[in-house]
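Participant: Structure file entry.txt, compact mmCIF, N, CA and C atoms, is pasted below:
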```
# COMPACT_ATOMS: atom_id res chain seq x y z
N MET A 1 0.84 -1.18 0.00
CA MET A 1 0.00 0.00 0.00
C MET A 1 0.88 1.24 0.00
N PRO A 2 0.47 2.26 -0.70
CA PRO A 2 1.27 3.48 -0.76
C PRO A 2 1.24 4.27 0.55
N ALA A 3 2.23 5.13 0.71
CA ALA A 3 2.33 5.97 1.90
C ALA A 3 1.96 7.41 1.53
N TYR A 4 1.18 8.04 2.38
CA TYR A 4 0.75 9.41 2.15
C TYR A 4 1.17 10.29 3.33
N GLN A 5 1.46 11.55 3.02
CA GLN A 5 1.71 12.55 4.06
C GLN A 5 0.42 13.33 4.21
N VAL A 6 -0.23 13.20 5.35
CA VAL A 6 -1.50 13.87 5.62
C VAL A 6 -1.21 15.09 6.49
N LYS A 7 -1.75 16.24 6.09
CA LYS A 7 -1.52 17.48 6.83
C LYS A 7 -2.86 18.16 7.13
N PHE A 8 -2.99 18.64 8.36
CA PHE A 8 -4.18 19.36 8.77
C PHE A 8 -3.76 20.67 9.43
N ALA A 9 -4.48 21.73 9.13
CA ALA A 9 -4.37 22.98 9.87
C ALA A 9 -5.68 23.12 10.64
N TYR A 10 -5.58 23.35 11.94
CA TYR A 10 -6.80 23.35 12.75
C TYR A 10 -6.72 24.38 13.88
N LEU A 11 -7.87 24.71 14.40
CA LEU A 11 -8.00 25.61 15.55
C LEU A 11 -8.53 24.81 16.73
N THR A 12 -8.03 25.11 17.92
CA THR A 12 -8.54 24.46 19.12
C THR A 12 -9.66 25.30 19.73
N LYS A 13 -10.32 24.73 20.69
CA LYS A 13 -11.45 25.41 21.32
C LYS A 13 -11.00 26.59 22.18
N TYR A 14 -9.92 26.43 22.91
CA TYR A 14 -9.51 27.45 23.88
C TYR A 14 -8.57 28.49 23.29
N LYS A 15 -7.62 28.05 22.49
CA LYS A 15 -6.68 28.99 21.88
C LYS A 15 -7.07 29.16 20.42
N GLN A 16 -7.20 30.37 20.01
CA GLN A 16 -7.59 30.62 18.63
C GLN A 16 -6.38 30.76 17.72
N THR A 17 -5.31 30.05 18.04
CA THR A 17 -4.14 30.03 17.17
C THR A 17 -4.21 28.79 16.29
N ARG A 18 -3.61 28.89 15.15
CA ARG A 18 -3.65 27.80 14.20
C ARG A 18 -2.55 26.78 14.51
N HIS A 19 -2.91 25.52 14.54
CA HIS A 19 -1.97 24.43 14.79
C HIS A 19 -1.85 23.58 13.54
N LEU A 20 -0.72 22.90 13.41
CA LEU A 20 -0.51 22.01 12.28
C LEU A 20 -0.34 20.58 12.78
N PHE A 21 -0.90 19.65 12.06
CA PHE A 21 -0.76 18.23 12.37
C PHE A 21 -0.39 17.54 11.07
N HIS A 22 0.73 16.85 11.05
CA HIS A 22 1.10 16.07 9.86
C HIS A 22 1.59 14.71 10.30
N GLN A 23 1.23 13.71 9.49
CA GLN A 23 1.46 12.34 9.88
C GLN A 23 1.64 11.47 8.63
N LEU A 24 2.47 10.45 8.76
CA LEU A 24 2.61 9.43 7.72
C LEU A 24 1.46 8.44 7.88
N VAL A 25 0.73 8.20 6.79
CA VAL A 25 -0.40 7.28 6.82
C VAL A 25 -0.24 6.29 5.66
N ILE A 26 -0.40 5.02 5.95
CA ILE A 26 -0.35 3.98 4.93
C ILE A 26 -1.79 3.59 4.63
N ALA A 27 -2.21 3.82 3.38
CA ALA A 27 -3.61 3.57 3.01
C ALA A 27 -3.71 3.22 1.54
N GLU A 28 -4.88 2.76 1.14
CA GLU A 28 -5.12 2.37 -0.26
C GLU A 28 -5.14 3.57 -1.20
N ASP A 29 -5.82 4.65 -0.78
CA ASP A 29 -5.93 5.83 -1.63
C ASP A 29 -5.98 7.09 -0.76
N GLU A 30 -6.09 8.25 -1.42
CA GLU A 30 -6.06 9.52 -0.69
C GLU A 30 -7.24 9.68 0.26
N ALA A 31 -8.42 9.25 -0.15
CA ALA A 31 -9.60 9.39 0.70
C ALA A 31 -9.45 8.57 1.98
N ALA A 32 -8.95 7.35 1.85
CA ALA A 32 -8.74 6.50 3.03
C ALA A 32 -7.65 7.08 3.91
N ALA A 33 -6.62 7.68 3.31
CA ALA A 33 -5.55 8.30 4.09
C ALA A 33 -6.07 9.51 4.87
N LEU A 34 -6.91 10.32 4.25
CA LEU A 34 -7.49 11.47 4.96
C LEU A 34 -8.39 11.02 6.10
N THR A 35 -9.16 9.97 5.88
CA THR A 35 -10.03 9.44 6.92
C THR A 35 -9.21 8.94 8.11
N GLU A 36 -8.15 8.19 7.83
CA GLU A 36 -7.29 7.68 8.91
C GLU A 36 -6.57 8.84 9.61
N GLY A 37 -6.15 9.84 8.84
CA GLY A 37 -5.51 11.02 9.44
C GLY A 37 -6.45 11.78 10.36
N ARG A 38 -7.72 11.90 9.97
CA ARG A 38 -8.71 12.56 10.83
C ARG A 38 -8.89 11.79 12.14
N LYS A 39 -8.88 10.46 12.06
CA LYS A 39 -9.00 9.65 13.29
C LYS A 39 -7.82 9.90 14.22
N MET A 40 -6.60 9.94 13.64
CA MET A 40 -5.40 10.20 14.45
C MET A 40 -5.45 11.58 15.08
N MET A 41 -5.87 12.56 14.29
CA MET A 41 -5.94 13.92 14.81
C MET A 41 -7.03 14.06 15.87
N ASN A 42 -8.12 13.35 15.70
CA ASN A 42 -9.21 13.40 16.67
C ASN A 42 -8.77 12.83 18.02
N ARG A 43 -7.89 11.81 17.99
CA ARG A 43 -7.35 11.28 19.25
C ARG A 43 -6.45 12.31 19.93
N ARG A 44 -5.72 13.07 19.13
CA ARG A 44 -4.80 14.07 19.68
C ARG A 44 -5.54 15.31 20.17
N SER A 45 -6.49 15.80 19.40
CA SER A 45 -7.21 17.02 19.75
C SER A 45 -8.68 16.85 19.36
N PRO A 46 -9.50 16.31 20.28
CA PRO A 46 -10.89 15.99 19.92
C PRO A 46 -11.76 17.19 19.59
N ASN A 47 -11.45 18.36 20.13
CA ASN A 47 -12.29 19.54 19.89
C ASN A 47 -11.76 20.42 18.78
N ALA A 48 -10.92 19.89 17.93
CA ALA A 48 -10.29 20.69 16.88
C ALA A 48 -11.29 21.00 15.77
N ARG A 49 -11.11 22.19 15.21
CA ARG A 49 -11.88 22.63 14.05
C ARG A 49 -10.93 22.65 12.87
N ILE A 50 -11.11 21.75 11.92
CA ILE A 50 -10.19 21.66 10.78
C ILE A 50 -10.44 22.83 9.84
N MET A 51 -9.35 23.53 9.52
CA MET A 51 -9.43 24.66 8.61
C MET A 51 -8.96 24.27 7.20
N HIS A 52 -7.98 23.40 7.13
CA HIS A 52 -7.42 22.99 5.84
C HIS A 52 -6.87 21.58 5.99
N GLU A 53 -7.01 20.77 4.94
CA GLU A 53 -6.45 19.43 4.94
C GLU A 53 -5.88 19.11 3.57
N SER A 54 -4.79 18.34 3.58
CA SER A 54 -4.19 17.93 2.31
C SER A 54 -3.59 16.54 2.47
N CYS A 55 -3.43 15.88 1.35
CA CYS A 55 -2.88 14.53 1.33
C CYS A 55 -2.00 14.41 0.10
N VAL A 56 -0.73 14.04 0.31
CA VAL A 56 0.24 13.96 -0.79
C VAL A 56 0.93 12.61 -0.73
N LEU A 57 1.11 12.00 -1.89
CA LEU A 57 1.86 10.75 -1.97
C LEU A 57 3.32 11.05 -1.64
N ARG A 58 3.89 10.29 -0.70
CA ARG A 58 5.27 10.54 -0.28
C ARG A 58 6.27 10.04 -1.32
N PRO A 59 7.41 10.73 -1.46
CA PRO A 59 8.42 10.27 -2.41
C PRO A 59 9.03 8.92 -2.03
N ASP A 60 9.04 8.60 -0.73
CA ASP A 60 9.62 7.32 -0.29
C ASP A 60 8.56 6.22 -0.17
N SER A 61 7.50 6.33 -0.94
CA SER A 61 6.41 5.37 -0.86
C SER A 61 6.86 3.95 -1.23
N GLN A 62 7.80 3.83 -2.17
CA GLN A 62 8.30 2.49 -2.53
C GLN A 62 9.06 1.86 -1.37
N ASP A 63 9.82 2.67 -0.61
CA ASP A 63 10.52 2.15 0.57
C ASP A 63 9.52 1.66 1.61
N VAL A 64 8.44 2.40 1.78
CA VAL A 64 7.41 2.02 2.75
C VAL A 64 6.76 0.70 2.34
N GLU A 65 6.44 0.56 1.06
CA GLU A 65 5.84 -0.69 0.58
C GLU A 65 6.80 -1.86 0.75
N SER A 66 8.08 -1.63 0.49
CA SER A 66 9.08 -2.68 0.66
C SER A 66 9.23 -3.07 2.13
N ALA A 67 9.22 -2.07 3.02
CA ALA A 67 9.35 -2.35 4.45
C ALA A 67 8.15 -3.13 4.98
N THR A 68 6.96 -2.76 4.58
CA THR A 68 5.77 -3.49 5.06
C THR A 68 5.74 -4.91 4.50
N ALA A 69 6.27 -5.10 3.30
CA ALA A 69 6.33 -6.45 2.74
C ALA A 69 7.31 -7.34 3.52
N GLN A 70 8.32 -6.74 4.13
CA GLN A 70 9.30 -7.49 4.92
C GLN A 70 8.85 -7.69 6.37
N GLY A 71 7.67 -7.20 6.73
CA GLY A 71 7.15 -7.43 8.08
C GLY A 71 7.30 -6.25 9.03
N TRP A 72 7.75 -5.10 8.54
CA TRP A 72 7.89 -3.92 9.40
C TRP A 72 6.51 -3.32 9.65
N VAL A 73 6.31 -2.80 10.86
CA VAL A 73 5.04 -2.19 11.26
C VAL A 73 5.33 -0.79 11.78
N LEU A 74 4.55 0.19 11.36
CA LEU A 74 4.69 1.57 11.82
C LEU A 74 3.86 1.77 13.07
N ASN A 75 4.51 2.24 14.16
CA ASN A 75 3.82 2.46 15.42
C ASN A 75 4.39 3.72 16.08
N ASP A 76 3.59 4.76 16.20
CA ASP A 76 4.02 6.03 16.79
C ASP A 76 5.28 6.57 16.12
N ASN A 77 5.28 6.59 14.80
CA ASN A 77 6.39 7.11 13.98
C ASN A 77 7.68 6.31 14.09
N TRP A 78 7.63 5.11 14.64
CA TRP A 78 8.78 4.20 14.68
C TRP A 78 8.41 2.92 13.96
N TRP A 79 9.31 2.42 13.15
CA TRP A 79 9.13 1.15 12.47
C TRP A 79 9.71 0.05 13.32
N SER A 80 9.05 -1.09 13.41
CA SER A 80 9.59 -2.20 14.20
C SER A 80 9.18 -3.54 13.58
N ARG A 81 10.02 -4.53 13.84
CA ARG A 81 9.73 -5.91 13.45
C ARG A 81 10.55 -6.82 14.35
N PRO A 82 10.14 -8.09 14.48
CA PRO A 82 10.93 -9.03 15.29
C PRO A 82 12.31 -9.27 14.67
N ILE A 83 13.27 -9.58 15.52
CA ILE A 83 14.62 -9.89 15.06
C ILE A 83 14.59 -11.25 14.39
N LYS A 84 15.26 -11.35 13.23
CA LYS A 84 15.38 -12.61 12.50
C LYS A 84 16.78 -13.17 12.72
N PRO A 85 16.96 -14.48 12.59
CA PRO A 85 18.28 -15.08 12.83
C PRO A 85 19.38 -14.57 11.90
N ASP A 86 19.04 -14.17 10.67
CA ASP A 86 20.07 -13.74 9.73
C ASP A 86 20.28 -12.23 9.69
N ASP A 87 19.75 -11.48 10.68
CA ASP A 87 19.94 -10.03 10.73
C ASP A 87 21.38 -9.69 11.06
N ASP A 88 21.88 -8.65 10.41
CA ASP A 88 23.24 -8.18 10.63
C ASP A 88 23.23 -7.17 11.78
N LEU A 89 23.94 -7.46 12.86
CA LEU A 89 23.93 -6.59 14.04
C LEU A 89 24.55 -5.23 13.76
N ALA A 90 25.56 -5.18 12.89
CA ALA A 90 26.17 -3.90 12.55
C ALA A 90 25.19 -3.00 11.79
N ALA A 91 24.40 -3.59 10.91
CA ALA A 91 23.39 -2.81 10.17
C ALA A 91 22.31 -2.31 11.11
N ILE A 92 21.93 -3.13 12.08
CA ILE A 92 20.93 -2.71 13.06
C ILE A 92 21.46 -1.54 13.88
N ALA A 93 22.72 -1.64 14.30
CA ALA A 93 23.31 -0.56 15.10
C ALA A 93 23.46 0.72 14.29
N ARG A 94 23.72 0.60 13.01
CA ARG A 94 23.90 1.79 12.18
C ARG A 94 22.58 2.47 11.84
N HIS A 95 21.53 1.69 11.60
CA HIS A 95 20.27 2.25 11.09
C HIS A 95 19.12 2.22 12.09
N GLY A 96 19.32 1.68 13.28
CA GLY A 96 18.25 1.62 14.25
C GLY A 96 18.78 1.07 15.56
N PHE A 97 17.92 0.38 16.31
CA PHE A 97 18.36 -0.26 17.55
C PHE A 97 17.47 -1.47 17.83
N ALA A 98 17.97 -2.35 18.67
CA ALA A 98 17.23 -3.56 19.04
C ALA A 98 16.85 -3.46 20.52
N HIS A 99 15.62 -3.88 20.81
CA HIS A 99 15.14 -3.87 22.19
C HIS A 99 14.08 -4.95 22.33
N SER A 100 14.23 -5.80 23.30
CA SER A 100 13.29 -6.87 23.62
C SER A 100 12.84 -7.66 22.39
N ASN A 101 13.83 -8.21 21.68
CA ASN A 101 13.60 -9.08 20.52
C ASN A 101 12.94 -8.40 19.33
N HIS A 102 12.99 -7.08 19.29
CA HIS A 102 12.47 -6.33 18.15
C HIS A 102 13.52 -5.33 17.67
N ILE A 103 13.51 -5.07 16.38
CA ILE A 103 14.35 -4.03 15.79
C ILE A 103 13.46 -2.80 15.60
N HIS A 104 14.00 -1.64 15.94
CA HIS A 104 13.27 -0.39 15.77
C HIS A 104 14.09 0.54 14.88
N ALA A 105 13.44 1.20 13.94
CA ALA A 105 14.09 2.14 13.04
C ALA A 105 13.20 3.37 12.89
N LYS A 106 13.83 4.51 12.60
CA LYS A 106 13.07 5.75 12.52
C LYS A 106 12.42 5.98 11.16
N SER A 107 13.05 5.50 10.08
CA SER A 107 12.49 5.75 8.75
C SER A 107 12.38 4.46 7.95
N ALA A 108 11.59 4.53 6.89
CA ALA A 108 11.44 3.37 6.01
C ALA A 108 12.75 3.08 5.27
N MET A 109 13.54 4.10 5.02
CA MET A 109 14.83 3.92 4.36
C MET A 109 15.77 3.11 5.26
N ASP A 110 15.71 3.34 6.58
CA ASP A 110 16.50 2.54 7.51
C ASP A 110 16.06 1.08 7.51
N CYS A 111 14.76 0.85 7.41
CA CYS A 111 14.24 -0.52 7.36
C CYS A 111 14.78 -1.25 6.13
N VAL A 112 14.75 -0.58 5.00
CA VAL A 112 15.24 -1.19 3.77
C VAL A 112 16.74 -1.48 3.88
N ALA A 113 17.49 -0.56 4.50
CA ALA A 113 18.94 -0.77 4.67
C ALA A 113 19.23 -1.95 5.57
N ILE A 114 18.48 -2.10 6.66
CA ILE A 114 18.68 -3.24 7.56
C ILE A 114 18.37 -4.55 6.84
N ASP A 115 17.27 -4.58 6.07
CA ASP A 115 16.89 -5.78 5.34
C ASP A 115 17.88 -6.11 4.23
N LYS A 116 18.52 -5.10 3.66
CA LYS A 116 19.48 -5.33 2.58
C LYS A 116 20.69 -6.11 3.09
N TYR A 117 21.13 -5.78 4.32
CA TYR A 117 22.29 -6.47 4.90
C TYR A 117 21.91 -7.83 5.50
N ALA A 118 20.63 -8.10 5.67
CA ALA A 118 20.20 -9.35 6.29
C ALA A 118 20.25 -10.53 5.31
N ALA A 119 20.44 -10.26 4.05
CA ALA A 119 20.41 -11.32 3.05
C ALA A 119 21.57 -12.27 3.11
```
Output the file's structure as structure tokens, nothing else.
Facilitator:
Amino acid sequence: MPAYQVKFAYLTKYKQTRHLFHQLVIAEDEAAALTEGRKMMNRRSPNARIMHESCVLRPDSQDVESATAQGWVLNDNWWSRPIKPDDDLAAIARHGFAHSNHIHAKSAMDCVAIDKYAA
């Protein structure tokens, strides 16, 4: 599935200043990405009044698709997957970190780099 960058400009109930919310969303199409982005934003700021919203296909969408095919899962802006027996520890140390039998990486490009050395 492709990766989209979802952006919202919104106003809160108490402060009349404009806030920005942007998030990586993995979805089938732009409409589904906007719907998922609204759910994420609603958890963060339930009383928000959306002023503007946009959804753009990310340039690293192929890396995201490759990472999800290898078993990586996006959780709170961190990618993670269980450690495999053939993983290269030097690649993990360079592009992420390991904790409690899982590898964590910050970007999809790091996930692809770790998987490249695991072969």
Participant: Using only C-alpha atoms, which of A:Ala105, A:Leu34, A:Ala90, A:Ile26 sits nearest A:Pro2?
Facilitator: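 So, comparing all the options, the nearest one is A:Ile26.
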Participant: Pick the closest to A:Asp86 from A:Ala118, A:Val112, A:Lys106, A:Thr17: which is it, counting only N, CA and C atoms?
Facilitator: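 Going through A:Ala118, A:Val112, A:Lys106, A:Thr17 one by one, the smallest distance to A:Asp86 is for A:Ala118.
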Participant: So that I can check the surroundings of A:Met109, please list as a PyMOL selection string every protein, DNA and RNA residue that reaches within 8 Å of it, counting all atoms listed in the file and ignoring chain neighbours fewer than 2 positions away.
Facilitator: chain A and resi 60+63-64+67+95+105-107+111-115
Participant: Would you compute, for all listed atoms of stretch 61-70 of chain A, the axis-aligned bounding box grown by 3 Å on each side, and then report its centre and edge lengths in Å rounded to one decimal, as AutoDock Vina command-line options?
Facilitator:
```
--center_x 8.1 --center_y -0.7 --center_z 1.9 --size_x 10.8 --size_y 20.0 --size_z 14.9
```
Participant: What lies within 10 Å of A:Phe21 using only C-alpha atoms, ignoring chain neighbours under 5 positions off, as JSON, numbers by chain?
Facilitator: {"A": [6, 7, 8, 9, 10, 37, 38, 40, 41, 44, 45, 53]}
Participant: Suppose you want the space between atom N of A:Ser54 and atom N of A:Ser80; what is it in Å?
Facilitator: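 Distance between the two atoms: 25.8 Å.
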Participant: Let me make sure I understand: among A:Ile103, A:Val25, A:Leu11, A:Val73, which one has the smallest atom-to-atom distance to A:Asp87 if we use only C-alpha atoms?
Facilitator: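 Closest to A:Asp87, using only C-alpha atoms: A:Ile103.
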Participant: Separation of atom N of A:Leu20 and atom CA of A:Asn47, in Å?
Facilitator: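 Calculated distance between atom N of A:Leu20 and atom CA of A:Asn47 is 13.7 Å.
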Participant: My list of candidates is A:Ala32, A:Ile92, A:Met51, A:Met1. Which is closest to A:Ala69 when distances are computed with only C-alpha atoms?
Facilitator: A:Met1
Participant: What does the distance from atom CA of A:Ile50 to atom CA of A:Trp78 come to in Å, to one decimal?
Facilitator: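 If I compute the distance from atom CA of A:Ile50 to atom CA of A:Trp78, I get 26.1 Å.
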Participant: So, with all atoms listed in the file as the atoms that count, which of A:Ala48, A:Ser100, A:Thr68, A:Glu28 lies closest to A:Pro82?
Facilitator: A:Ser100
Participant: Of the candidates A:Ala33, A:Gln62, A:Pro85, A:Leu74, which one gets nearest to A:His104 if we count only C-alpha atoms?
Facilitator: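 Smallest separation from A:His104 among the options: A:Leu74.
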Participant: What residues in chain A get the DSSP label helix (DSSP H, G or I)? Please answer as number ranges by chain.
Facilitator: A: 30-44, 61-69, 89-95, 108-117
Participant: Excluding same-chain residues fewer than 4 positions from A:Lys84, what lies within 8 Å of it counting only N, CA and C atoms, as JSON, numbers by chain?
Facilitator: {"A": [88, 101, 102, 103]}
